[in-house]
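Visitor: One file is attached below, entry17.txt, containing compact mmCIF, C-alpha atoms and all ligand atoms.
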```txt
# COMPACT_ATOMS: atom_id res chain seq x y z
CA MET J 29 -3.28 3.69 18.14
CA SER J 30 -0.51 4.21 15.60
CA ASP J 31 -0.24 1.74 12.78
CA PRO J 32 3.36 0.51 12.49
CA SER J 33 3.02 -0.83 8.97
CA PRO J 34 1.59 1.49 6.32
CA GLN J 35 -1.50 0.16 4.64
CA LYS J 36 -1.11 -0.94 1.05
CA LEU J 37 -3.17 1.16 -1.28
CA ALA J 38 -3.77 1.15 -5.01
CA CYS J 39 -5.49 3.43 -7.46
CA ASP J 40 -8.81 1.92 -8.45
CA ALA J 41 -8.48 3.45 -11.91
CA ASP J 42 -6.30 0.39 -12.39
CA PHE J 43 -6.36 -0.01 -16.15
CA ARG J 44 -5.86 3.72 -16.69
CA CYS J 45 -3.38 4.51 -13.95
CA GLY J 46 -2.05 1.48 -12.13
CA TRP J 47 -0.56 3.34 -9.19
CA ARG J 48 0.36 1.15 -6.27
CA GLY J 49 1.74 2.43 -3.05
CA ASP J 50 0.92 2.76 0.61
CA SER J 51 -0.68 5.09 3.11
CA VAL J 52 2.56 7.07 3.36
CA SER J 53 2.86 8.06 -0.30
CA VAL J 54 -0.83 8.65 -1.03
CA LEU J 55 -2.17 12.20 -1.25
CA ARG J 56 -4.20 13.14 1.79
CA ALA J 57 -6.45 16.07 2.55
CA ALA J 58 -8.90 16.80 5.31
CA ASP J 59 -12.43 15.96 4.23
CA PRO J 60 -14.44 19.20 4.38
CA PHE J 61 -17.70 17.25 4.63
CA ASN J 62 -16.77 14.75 7.32
CA GLU J 63 -14.89 16.17 10.25
CA GLY J 64 -11.92 14.04 11.28
CA CYS J 65 -11.98 12.09 8.02
CA GLU J 66 -9.45 12.22 5.25
CA LEU J 67 -9.82 12.20 1.52
CA LEU J 68 -7.25 10.04 -0.24
CA ALA J 69 -6.15 10.70 -3.77
CA CYS J 70 -3.82 8.99 -6.18
CA PRO J 71 -0.45 10.81 -6.48
CA LYS J 72 -0.24 9.80 -10.13
CA CYS J 73 -3.64 10.56 -11.67
CA ARG J 74 -5.03 12.64 -8.75
CA GLU J 75 -8.32 10.77 -8.79
CA GLN J 76 -9.96 9.98 -5.48
CA SER J 77 -10.04 6.36 -6.46
CA ILE J 78 -7.85 4.91 -3.75
CA ARG J 79 -8.72 1.53 -2.37
CA GLY J 80 -7.14 -0.56 0.34
CA CYS J 81 -5.27 -3.72 -0.58
CA CYS J 82 -4.68 -7.07 1.03
CA ASP J 83 -1.78 -6.85 3.50
CA GLU J 84 -0.37 -10.19 2.36
CA PRO J 85 3.02 -9.50 0.68
CA GLY J 86 2.72 -9.48 -3.10
CA CYS J 87 -1.08 -9.54 -3.10
CA TRP J 88 -2.87 -6.49 -4.47
CA ALA J 89 -6.41 -7.74 -4.26
CA LEU J 90 -9.06 -5.58 -2.65
CA ASP J 91 -9.05 -5.73 1.16
CA THR J 92 -12.52 -7.12 1.55
CA CYS J 93 -11.89 -8.71 4.94
CA GLY J 94 -10.90 -7.10 8.20
CA THR J 95 -9.93 -9.64 10.83
CA ALA J 96 -8.75 -9.26 14.41
CA THR J 97 -5.90 -11.71 15.03
CA GLU J 98 -3.39 -12.27 17.81
CA ALA J 99 -0.87 -10.34 15.70
CA GLY J 100 -3.22 -7.39 15.36
CA TYR J 101 -5.84 -6.23 12.95
CA ARG J 102 -5.40 -7.53 9.41
CA ARG J 103 -6.89 -6.28 6.21
CA THR J 104 -6.84 -8.96 3.58
CA CYS J 105 -8.61 -10.27 0.54
CA HIS J 106 -10.90 -13.24 1.10
CA LYS J 107 -8.17 -15.62 -0.06
CA HIS J 108 -5.71 -14.50 2.62
CA GLN J 109 -8.16 -14.00 5.44
CA PRO J 110 -6.45 -15.14 8.64
CA VAL J 111 -8.20 -17.16 11.31
CA SER J 112 -10.09 -14.81 13.54
CA VAL J 113 -9.30 -14.78 17.25
CA LYS J 114 -12.98 -14.90 18.03
CA ALA J 115 -13.76 -17.69 15.59
CA ARG J 116 -11.94 -20.30 17.62
ZN ZN J 201 -4.34 6.84 -10.20
ZN ZN J 202 -4.59 -11.36 -0.55
```
Spell out the structure here as C-alpha cells.

Guide:
Amino acid sequence: MSDPSPQKLACDADFRCGWRGDSVSVLRAADPFNEGCELLACPKCREQSIRGCCDEPGCWALDTCGTATEAGYRRTCHKHQPVSVKAR
C-alpha cells in the first residue's frame, strides 16, 4: 500500500507562488468534511491549491493520466502516458 516514491506536487497558484515539491514536503491536515481524506496546502503561500504533477523526471505538467503499468501505477501528463498493461 505504501508509495515508495513521493508524488510530485506543485502549487497551482503558479504565477503567484511557483512552489514545487513532493508529497513529503507539502502541508497536510485531516479533512474535517471528508473522513479519511487529507487537505493539502502549499508550504509557501499556504493556499490549498496543490495539484499533482507528471511523474516523469523534469516534467511539471498536470498529472492528467493515471495508468497501471507493469512497473506500478503511474501518474503522468498526456505526453508521458505510458502504455497501459490492459491496453495490449
Ligand atoms: Zn503556493
Ligand atoms: Zn509529463

Visitor: Under the rule that only C-alpha atoms and all ligand atoms are counted, which of J:Glu84, J:Asp40, J:Asp91, J:Asp59 is the nearest residue to ligand ZN 201 (chain J)?

Guide: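 Checking each of J:Glu84, J:Asp40, J:Asp91, J:Asp59 against ligand ZN 201 (chain J), counting only C-alpha atoms and all ligand atoms, the winner is J:Asp40.
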
Visitor: Distance limit 7 Å, reference ligand ZN 201 (chain J), atoms considered: only C-alpha atoms and all ligand atoms. Which residues make the cut? Give them as a short mmCIF file (atom, residue, chain, number, x, y, z; two decimals) with C-alpha atoms, in the coordinates of the input.

Guide:
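What landed in out_17.cif:
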```
data_model
loop_
_atom_site.label_atom_id
_atom_site.label_comp_id
_atom_site.auth_asym_id
_atom_site.auth_seq_id
_atom_site.Cartn_x
_atom_site.Cartn_y
_atom_site.Cartn_z
CA CYS J 39 -5.49 3.43 -7.46
CA ASP J 40 -8.81 1.92 -8.45
CA ALA J 41 -8.48 3.45 -11.91
CA CYS J 45 -3.38 4.51 -13.95
CA GLY J 46 -2.05 1.48 -12.13
CA TRP J 47 -0.56 3.34 -9.19
CA CYS J 70 -3.82 8.99 -6.18
CA PRO J 71 -0.45 10.81 -6.48
CA LYS J 72 -0.24 9.80 -10.13
CA CYS J 73 -3.64 10.56 -11.67
CA ARG J 74 -5.03 12.64 -8.75
CA GLU J 75 -8.32 10.77 -8.79
CA SER J 77 -10.04 6.36 -6.46
#
```

Visitor: Quick one, how far is CA of Thr97 (chain J) from CA of Ser112 (chain J)?

Guide: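 Straight-line distance from CA of Thr97 (chain J) to CA of Ser112 (chain J) works out to 5.4 Å.
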
Visitor: Which residues are near ligand ZN 202 (chain J) - at most 7 Å, using only C-alpha atoms and all ligand atoms? Format: as a ChimeraX atom specification.

Guide: /J:82-84,87-89,104-108

Visitor: Out of J:Cys65, J:Ala58, J:Val52, J:Ala99, which residue has the shortest atom-to-atom distance to Leu37 (chain J) when counting only C-alpha atoms?

Guide: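 Checking each candidate against Leu37 (chain J), we get J:Val52 as the closest.
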
Visitor: Which distance in Å separates CA of Arg44 (chain J) and CA of Thr92 (chain J), to one decimal?

Guide: 22.2 Å

Visitor: Distance CA of Ile78 (chain J)-CA of Glu66 (chain J), one decimal place?

Guide: 11.7 Å

Visitor: Which residue is closest to Cys81 (chain J)? Choose from J:Val54, J:Cys93, J:Leu67, J:Val111 and count all atoms listed in the file.

Guide: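 Between J:Val54, J:Cys93, J:Leu67, J:Val111, the residue approaching Cys81 (chain J) most closely is J:Cys93.
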